[in-house]
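Here's my_file.pdb, which has PDB, N, CA and C atoms, pLDDT in the B column:
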```pdb
ATOM      1  N   MET A   1       9.221  12.623  12.481  1.00 78.00           N
ATOM      2  CA  MET A   1       9.992  12.431  11.270  1.00 78.00           C
ATOM      3  C   MET A   1       9.101  12.562  10.034  1.00 78.00           C
ATOM      4  N   SER A   2       7.896  12.018  10.105  1.00 82.00           N
ATOM      5  CA  SER A   2       7.011  12.120   8.947  1.00 82.00           C
ATOM      6  C   SER A   2       6.590  13.559   8.692  1.00 82.00           C
ATOM      7  N   LYS A   3       6.491  14.352   9.749  1.00 88.00           N
ATOM      8  CA  LYS A   3       6.122  15.762   9.590  1.00 88.00           C
ATOM      9  C   LYS A   3       7.188  16.523   8.786  1.00 88.00           C
ATOM     10  N   PHE A   4       8.453  16.136   8.977  1.00 88.00           N
ATOM     11  CA  PHE A   4       9.548  16.748   8.222  1.00 88.00           C
ATOM     12  C   PHE A   4       9.356  16.544   6.722  1.00 88.00           C
ATOM     13  N   PHE A   5       9.029  15.302   6.308  1.00 84.00           N
ATOM     14  CA  PHE A   5       8.855  15.014   4.889  1.00 84.00           C
ATOM     15  C   PHE A   5       7.537  15.576   4.337  1.00 84.00           C
ATOM     16  N   ILE A   6       6.535  15.722   5.186  1.00 87.00           N
ATOM     17  CA  ILE A   6       5.283  16.340   4.736  1.00 87.00           C
ATOM     18  C   ILE A   6       5.495  17.830   4.466  1.00 87.00           C
ATOM     19  N   ASN A   7       6.268  18.465   5.328  1.00 90.00           N
ATOM     20  CA  ASN A   7       6.536  19.893   5.158  1.00 90.00           C
ATOM     21  C   ASN A   7       7.546  20.176   4.047  1.00 90.00           C
ATOM     22  N   ARG A   8       8.415  19.194   3.735  1.00 89.00           N
ATOM     23  CA  ARG A   8       9.439  19.372   2.705  1.00 89.00           C
ATOM     24  C   ARG A   8       9.362  18.209   1.707  1.00 89.00           C
ATOM     25  N   PRO A   9       8.381  18.232   0.795  1.00 91.00           N
ATOM     26  CA  PRO A   9       8.226  17.107  -0.141  1.00 91.00           C
ATOM     27  C   PRO A   9       9.372  16.982  -1.135  1.00 91.00           C
ATOM     28  N   ILE A  10      10.076  18.072  -1.406  1.00 94.00           N
ATOM     29  CA  ILE A  10      11.195  17.998  -2.353  1.00 94.00           C
ATOM     30  C   ILE A  10      12.301  17.099  -1.794  1.00 94.00           C
ATOM     31  N   VAL A  11      12.536  17.162  -0.496  1.00 93.00           N
ATOM     32  CA  VAL A  11      13.546  16.293   0.133  1.00 93.00           C
ATOM     33  C   VAL A  11      13.139  14.831  -0.041  1.00 93.00           C
ATOM     34  N   ALA A  12      11.877  14.530   0.155  1.00 93.00           N
ATOM     35  CA  ALA A  12      11.399  13.153  -0.003  1.00 93.00           C
ATOM     36  C   ALA A  12      11.546  12.684  -1.448  1.00 93.00           C
ATOM     37  N   ILE A  13      11.256  13.556  -2.399  1.00 94.00           N
ATOM     38  CA  ILE A  13      11.382  13.198  -3.814  1.00 94.00           C
ATOM     39  C   ILE A  13      12.842  12.944  -4.173  1.00 94.00           C
ATOM     40  N   VAL A  14      13.739  13.800  -3.693  1.00 96.00           N
ATOM     41  CA  VAL A  14      15.167  13.631  -3.985  1.00 96.00           C
ATOM     42  C   VAL A  14      15.682  12.327  -3.387  1.00 96.00           C
ATOM     43  N   ILE A  15      15.295  12.013  -2.175  1.00 96.00           N
ATOM     44  CA  ILE A  15      15.721  10.754  -1.553  1.00 96.00           C
ATOM     45  C   ILE A  15      15.187   9.565  -2.346  1.00 96.00           C
ATOM     46  N   SER A  16      13.954   9.646  -2.808  1.00 96.00           N
ATOM     47  CA  SER A  16      13.379   8.560  -3.601  1.00 96.00           C
ATOM     48  C   SER A  16      14.126   8.374  -4.915  1.00 96.00           C
ATOM     49  N   ILE A  17      14.442   9.468  -5.582  1.00 97.00           N
ATOM     50  CA  ILE A  17      15.184   9.376  -6.853  1.00 97.00           C
ATOM     51  C   ILE A  17      16.572   8.791  -6.621  1.00 97.00           C
ATOM     52  N   ILE A  18      17.242   9.205  -5.559  1.00 97.00           N
ATOM     53  CA  ILE A  18      18.571   8.654  -5.245  1.00 97.00           C
ATOM     54  C   ILE A  18      18.479   7.160  -4.975  1.00 97.00           C
ATOM     55  N   MET A  19      17.457   6.725  -4.257  1.00 97.00           N
ATOM     56  CA  MET A  19      17.297   5.293  -3.973  1.00 97.00           C
ATOM     57  C   MET A  19      17.064   4.498  -5.252  1.00 97.00           C
ATOM     58  N   VAL A  20      16.270   5.029  -6.165  1.00 97.00           N
ATOM     59  CA  VAL A  20      16.027   4.338  -7.437  1.00 97.00           C
ATOM     60  C   VAL A  20      17.311   4.252  -8.244  1.00 97.00           C
ATOM     61  N   LEU A  21      18.086   5.328  -8.300  1.00 97.00           N
ATOM     62  CA  LEU A  21      19.340   5.319  -9.048  1.00 97.00           C
ATOM     63  C   LEU A  21      20.346   4.335  -8.452  1.00 97.00           C
ATOM     64  N   VAL A  22      20.460   4.311  -7.143  1.00 96.00           N
ATOM     65  CA  VAL A  22      21.376   3.365  -6.489  1.00 96.00           C
ATOM     66  C   VAL A  22      20.920   1.928  -6.738  1.00 96.00           C
ATOM     67  N   GLY A  23      19.635   1.686  -6.668  1.00 93.00           N
ATOM     68  CA  GLY A  23      19.123   0.342  -6.946  1.00 93.00           C
ATOM     69  C   GLY A  23      19.386  -0.090  -8.368  1.00 93.00           C
ATOM     70  N   THR A  24      19.220   0.826  -9.325  1.00 93.00           N
ATOM     71  CA  THR A  24      19.493   0.511 -10.725  1.00 93.00           C
ATOM     72  C   THR A  24      20.973   0.202 -10.933  1.00 93.00           C
ATOM     73  N   LEU A  25      21.840   0.983 -10.318  1.00 93.00           N
ATOM     74  CA  LEU A  25      23.274   0.727 -10.455  1.00 93.00           C
ATOM     75  C   LEU A  25      23.674  -0.614  -9.848  1.00 93.00           C
ATOM     76  N   THR A  26      23.096  -0.950  -8.711  1.00 90.00           N
ATOM     77  CA  THR A  26      23.460  -2.232  -8.099  1.00 90.00           C
ATOM     78  C   THR A  26      22.941  -3.411  -8.908  1.00 90.00           C
ATOM     79  N   ILE A  27      21.782  -3.265  -9.547  1.00 86.00           N
ATOM     80  CA  ILE A  27      21.283  -4.353 -10.395  1.00 86.00           C
ATOM     81  C   ILE A  27      22.204  -4.553 -11.590  1.00 86.00           C
ATOM     82  N   LEU A  28      22.675  -3.454 -12.168  1.00 86.00           N
ATOM     83  CA  LEU A  28      23.552  -3.550 -13.331  1.00 86.00           C
ATOM     84  C   LEU A  28      24.910  -4.142 -12.984  1.00 86.00           C
ATOM     85  N   THR A  29      25.374  -3.951 -11.762  1.00 86.00           N
ATOM     86  CA  THR A  29      26.684  -4.475 -11.371  1.00 86.00           C
ATOM     87  C   THR A  29      26.600  -5.862 -10.731  1.00 86.00           C
ATOM     88  N   LEU A  30      25.412  -6.380 -10.532  1.00 79.00           N
ATOM     89  CA  LEU A  30      25.252  -7.700  -9.916  1.00 79.00           C
ATOM     90  C   LEU A  30      25.742  -8.782 -10.873  1.00 79.00           C
ATOM     91  N   PRO A  31      26.636  -9.660 -10.426  1.00 80.00           N
ATOM     92  CA  PRO A  31      27.112 -10.728 -11.306  1.00 80.00           C
ATOM     93  C   PRO A  31      25.978 -11.679 -11.699  1.00 80.00           C
ATOM     94  N   ILE A  32      26.086 -12.216 -12.889  1.00 75.00           N
ATOM     95  CA  ILE A  32      25.044 -13.112 -13.390  1.00 75.00           C
ATOM     96  C   ILE A  32      24.925 -14.351 -12.510  1.00 75.00           C
ATOM     97  N   ALA A  33      26.005 -14.777 -11.898  1.00 75.00           N
ATOM     98  CA  ALA A  33      25.964 -15.956 -11.031  1.00 75.00           C
ATOM     99  C   ALA A  33      25.055 -15.738  -9.826  1.00 75.00           C
ATOM    100  N   GLN A  34      24.807 -14.492  -9.459  1.00 70.00           N
ATOM    101  CA  GLN A  34      23.965 -14.200  -8.308  1.00 70.00           C
ATOM    102  C   GLN A  34      22.479 -14.171  -8.645  1.00 70.00           C
ATOM    103  N   PHE A  35      22.141 -14.185  -9.942  1.00 71.00           N
ATOM    104  CA  PHE A  35      20.737 -14.190 -10.330  1.00 71.00           C
ATOM    105  C   PHE A  35      20.106 -15.525  -9.954  1.00 71.00           C
ATOM    106  N   PRO A  36      18.856 -15.551  -9.585  1.00 73.00           N
ATOM    107  CA  PRO A  36      18.209 -16.832  -9.266  1.00 73.00           C
ATOM    108  C   PRO A  36      17.996 -17.644 -10.534  1.00 73.00           C
ATOM    109  N   SER A  37      18.066 -18.954 -10.398  1.00 75.00           N
ATOM    110  CA  SER A  37      17.825 -19.812 -11.555  1.00 75.00           C
ATOM    111  C   SER A  37      16.318 -19.920 -11.781  1.00 75.00           C
ATOM    112  N   ILE A  38      15.929 -19.758 -13.019  1.00 77.00           N
ATOM    113  CA  ILE A  38      14.520 -19.797 -13.380  1.00 77.00           C
ATOM    114  C   ILE A  38      14.278 -21.072 -14.177  1.00 77.00           C
ATOM    115  N   ALA A  39      13.278 -21.820 -13.774  1.00 75.00           N
ATOM    116  CA  ALA A  39      12.977 -23.079 -14.448  1.00 75.00           C
ATOM    117  C   ALA A  39      12.467 -22.809 -15.860  1.00 75.00           C
ATOM    118  N   PRO A  40      12.909 -23.611 -16.821  1.00 70.00           N
ATOM    119  CA  PRO A  40      12.413 -23.425 -18.189  1.00 70.00           C
ATOM    120  C   PRO A  40      10.930 -23.781 -18.284  1.00 70.00           C
ATOM    121  N   PRO A  41      10.249 -23.293 -19.301  1.00 70.00           N
ATOM    122  CA  PRO A  41       8.820 -23.597 -19.440  1.00 70.00           C
ATOM    123  C   PRO A  41       8.582 -25.093 -19.652  1.00 70.00           C
ATOM    124  N   GLU A  42       7.441 -25.549 -19.201  1.00 75.00           N
ATOM    125  CA  GLU A  42       7.081 -26.957 -19.334  1.00 75.00           C
ATOM    126  C   GLU A  42       5.827 -27.078 -20.184  1.00 75.00           C
ATOM    127  N   ILE A  43       5.745 -28.201 -20.881  1.00 75.00           N
ATOM    128  CA  ILE A  43       4.512 -28.516 -21.592  1.00 75.00           C
ATOM    129  C   ILE A  43       4.090 -29.928 -21.207  1.00 75.00           C
ATOM    130  N   GLN A  44       2.825 -30.188 -21.323  1.00 81.00           N
ATOM    131  CA  GLN A  44       2.294 -31.503 -21.026  1.00 81.00           C
ATOM    132  C   GLN A  44       1.363 -31.886 -22.160  1.00 81.00           C
ATOM    133  N   ILE A  45       1.558 -33.082 -22.692  1.00 79.00           N
ATOM    134  CA  ILE A  45       0.753 -33.561 -23.810  1.00 79.00           C
ATOM    135  C   ILE A  45      -0.019 -34.792 -23.353  1.00 79.00           C
ATOM    136  N   LEU A  46      -1.312 -34.766 -23.554  1.00 82.00           N
ATOM    137  CA  LEU A  46      -2.170 -35.900 -23.245  1.00 82.00           C
ATOM    138  C   LEU A  46      -2.666 -36.493 -24.554  1.00 82.00           C
ATOM    139  N   SER A  47      -2.595 -37.815 -24.658  1.00 78.00           N
ATOM    140  CA  SER A  47      -3.093 -38.443 -25.883  1.00 78.00           C
ATOM    141  C   SER A  47      -3.771 -39.761 -25.525  1.00 78.00           C
ATOM    142  N   THR A  48      -4.727 -40.094 -26.332  1.00 80.00           N
ATOM    143  CA  THR A  48      -5.400 -41.382 -26.174  1.00 80.00           C
ATOM    144  C   THR A  48      -5.234 -42.160 -27.475  1.00 80.00           C
ATOM    145  N   TYR A  49      -4.914 -43.396 -27.319  1.00 80.00           N
ATOM    146  CA  TYR A  49      -4.722 -44.284 -28.457  1.00 80.00           C
ATOM    147  C   TYR A  49      -5.490 -45.555 -28.093  1.00 80.00           C
ATOM    148  N   VAL A  50      -6.713 -45.633 -28.554  1.00 86.00           N
ATOM    149  CA  VAL A  50      -7.624 -46.703 -28.154  1.00 86.00           C
ATOM    150  C   VAL A  50      -7.076 -48.058 -28.606  1.00 86.00           C
ATOM    151  N   GLY A  51      -6.989 -48.961 -27.678  1.00 85.00           N
ATOM    152  CA  GLY A  51      -6.571 -50.323 -27.976  1.00 85.00           C
ATOM    153  C   GLY A  51      -5.070 -50.534 -28.013  1.00 85.00           C
ATOM    154  N   ALA A  52      -4.275 -49.552 -27.679  1.00 85.00           N
ATOM    155  CA  ALA A  52      -2.819 -49.690 -27.731  1.00 85.00           C
ATOM    156  C   ALA A  52      -2.259 -49.860 -26.323  1.00 85.00           C
ATOM    157  N   ASP A  53      -1.170 -50.606 -26.240  1.00 86.00           N
ATOM    158  CA  ASP A  53      -0.509 -50.751 -24.949  1.00 86.00           C
ATOM    159  C   ASP A  53       0.516 -49.616 -24.779  1.00 86.00           C
ATOM    160  N   ALA A  54       1.184 -49.577 -23.659  1.00 86.00           N
ATOM    161  CA  ALA A  54       2.092 -48.471 -23.339  1.00 86.00           C
ATOM    162  C   ALA A  54       3.266 -48.410 -24.317  1.00 86.00           C
ATOM    163  N   GLN A  55       3.789 -49.553 -24.700  1.00 89.00           N
ATOM    164  CA  GLN A  55       4.946 -49.563 -25.610  1.00 89.00           C
ATOM    165  C   GLN A  55       4.562 -49.026 -26.997  1.00 89.00           C
ATOM    166  N   THR A  56       3.403 -49.416 -27.497  1.00 88.00           N
ATOM    167  CA  THR A  56       2.944 -48.917 -28.797  1.00 88.00           C
ATOM    168  C   THR A  56       2.698 -47.410 -28.739  1.00 88.00           C
ATOM    169  N   LEU A  57       2.114 -46.957 -27.664  1.00 85.00           N
ATOM    170  CA  LEU A  57       1.872 -45.526 -27.493  1.00 85.00           C
ATOM    171  C   LEU A  57       3.190 -44.757 -27.452  1.00 85.00           C
ATOM    172  N   GLU A  58       4.172 -45.315 -26.779  1.00 85.00           N
ATOM    173  CA  GLU A  58       5.474 -44.652 -26.720  1.00 85.00           C
ATOM    174  C   GLU A  58       6.112 -44.565 -28.099  1.00 85.00           C
ATOM    175  N   GLN A  59       6.062 -45.655 -28.861  1.00 87.00           N
ATOM    176  CA  GLN A  59       6.685 -45.671 -30.184  1.00 87.00           C
ATOM    177  C   GLN A  59       5.917 -44.824 -31.199  1.00 87.00           C
ATOM    178  N   ALA A  60       4.598 -44.809 -31.129  1.00 86.00           N
ATOM    179  CA  ALA A  60       3.798 -44.123 -32.139  1.00 86.00           C
ATOM    180  C   ALA A  60       3.576 -42.640 -31.826  1.00 86.00           C
ATOM    181  N   VAL A  61       3.556 -42.278 -30.545  1.00 84.00           N
ATOM    182  CA  VAL A  61       3.211 -40.904 -30.197  1.00 84.00           C
ATOM    183  C   VAL A  61       4.364 -40.192 -29.492  1.00 84.00           C
ATOM    184  N   ALA A  62       4.851 -40.751 -28.397  1.00 82.00           N
ATOM    185  CA  ALA A  62       5.812 -40.047 -27.553  1.00 82.00           C
ATOM    186  C   ALA A  62       7.165 -39.851 -28.235  1.00 82.00           C
ATOM    187  N   THR A  63       7.696 -40.888 -28.856  1.00 85.00           N
ATOM    188  CA  THR A  63       9.020 -40.781 -29.482  1.00 85.00           C
ATOM    189  C   THR A  63       9.053 -39.768 -30.621  1.00 85.00           C
ATOM    190  N   PRO A  64       8.088 -39.763 -31.556  1.00 86.00           N
ATOM    191  CA  PRO A  64       8.138 -38.729 -32.603  1.00 86.00           C
ATOM    192  C   PRO A  64       8.019 -37.299 -32.059  1.00 86.00           C
ATOM    193  N   ILE A  65       7.218 -37.116 -31.024  1.00 84.00           N
ATOM    194  CA  ILE A  65       7.091 -35.773 -30.433  1.00 84.00           C
ATOM    195  C   ILE A  65       8.418 -35.359 -29.802  1.00 84.00           C
ATOM    196  N   GLU A  66       9.061 -36.254 -29.074  1.00 81.00           N
ATOM    197  CA  GLU A  66      10.349 -35.950 -28.456  1.00 81.00           C
ATOM    198  C   GLU A  66      11.404 -35.643 -29.508  1.00 81.00           C
ATOM    199  N   GLN A  67      11.393 -36.367 -30.620  1.00 82.00           N
ATOM    200  CA  GLN A  67      12.376 -36.126 -31.681  1.00 82.00           C
ATOM    201  C   GLN A  67      12.155 -34.763 -32.332  1.00 82.00           C
ATOM    202  N   GLN A  68      10.919 -34.350 -32.500  1.00 81.00           N
ATOM    203  CA  GLN A  68      10.637 -33.057 -33.111  1.00 81.00           C
ATOM    204  C   GLN A  68      10.952 -31.897 -32.166  1.00 81.00           C
ATOM    205  N   MET A  69      10.919 -32.138 -30.873  1.00 79.00           N
ATOM    206  CA  MET A  69      11.110 -31.065 -29.912  1.00 79.00           C
ATOM    207  C   MET A  69      12.547 -30.944 -29.422  1.00 79.00           C
ATOM    208  N   THR A  70      13.471 -31.723 -29.953  1.00 74.00           N
ATOM    209  CA  THR A  70      14.864 -31.647 -29.490  1.00 74.00           C
ATOM    210  C   THR A  70      15.520 -30.332 -29.863  1.00 74.00           C
ATOM    211  N   GLY A  71      15.028 -29.631 -30.877  1.00 69.00           N
ATOM    212  CA  GLY A  71      15.618 -28.374 -31.286  1.00 69.00           C
ATOM    213  C   GLY A  71      15.150 -27.171 -30.498  1.00 69.00           C
ATOM    214  N   VAL A  72      14.248 -27.352 -29.549  1.00 68.00           N
ATOM    215  CA  VAL A  72      13.717 -26.230 -28.768  1.00 68.00           C
ATOM    216  C   VAL A  72      14.762 -25.827 -27.721  1.00 68.00           C
ATOM    217  N   ASP A  73      15.016 -24.528 -27.588  1.00 68.00           N
ATOM    218  CA  ASP A  73      16.007 -24.025 -26.632  1.00 68.00           C
ATOM    219  C   ASP A  73      15.502 -24.157 -25.202  1.00 68.00           C
ATOM    220  N   ASN A  74      16.456 -24.303 -24.272  1.00 62.00           N
ATOM    221  CA  ASN A  74      16.190 -24.358 -22.831  1.00 62.00           C
ATOM    222  C   ASN A  74      15.183 -25.448 -22.469  1.00 62.00           C
ATOM    223  N   MET A  75      15.357 -26.593 -23.018  1.00 63.00           N
ATOM    224  CA  MET A  75      14.417 -27.682 -22.727  1.00 63.00           C
ATOM    225  C   MET A  75      15.176 -28.862 -22.137  1.00 63.00           C
ATOM    226  N   ASN A  76      14.650 -29.380 -21.058  1.00 60.00           N
ATOM    227  CA  ASN A  76      15.259 -30.558 -20.416  1.00 60.00           C
ATOM    228  C   ASN A  76      14.587 -31.813 -20.933  1.00 60.00           C
TER     229      ASN A  76
END
```

Would you write the structure of this file as structure tokens?
Amino acid sequence: MSKFFINRPIVAIVISIIMVLVGTLTILTLPIAQFPSIAPPEIQILSTYVGADAQTLEQAVATPIEQQMTGVDNMN
């Protein structure tokens, strides 16, 4: 079978082009519900606040950052 395609490369090229076209058409017709869900980007913030307890750190650092980032799209 491989000898057939070696001797006739145009047939192999045509089959490859047809496969690419069929694949492109099927991707375009695939419903959005069938696409895999992609996790939104994540960020991690590290901060040190010498001499503060967890509640003070939350009120002084974490809460203002969360309030400023509420307008970012696709964020959980």

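Here CA of Ser16 (chain A) is placed at a distance of 16.7 Å from CA of Lys3 (chain A).
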
DSSP-assigned alpha helix (DSSP H) members of region 26-68 of chain A, reported as an MDAnalysis selection string: chainID A and resid 26:29 54:57 63:68

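The space between CA of Gln44 (chain A) and CA of Met69 (chain A) spans 12.5 Å.
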
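Interatomic distance, CA of Ile65 (chain A) to atom C of Leu46 (chain A): 11.4 Å.
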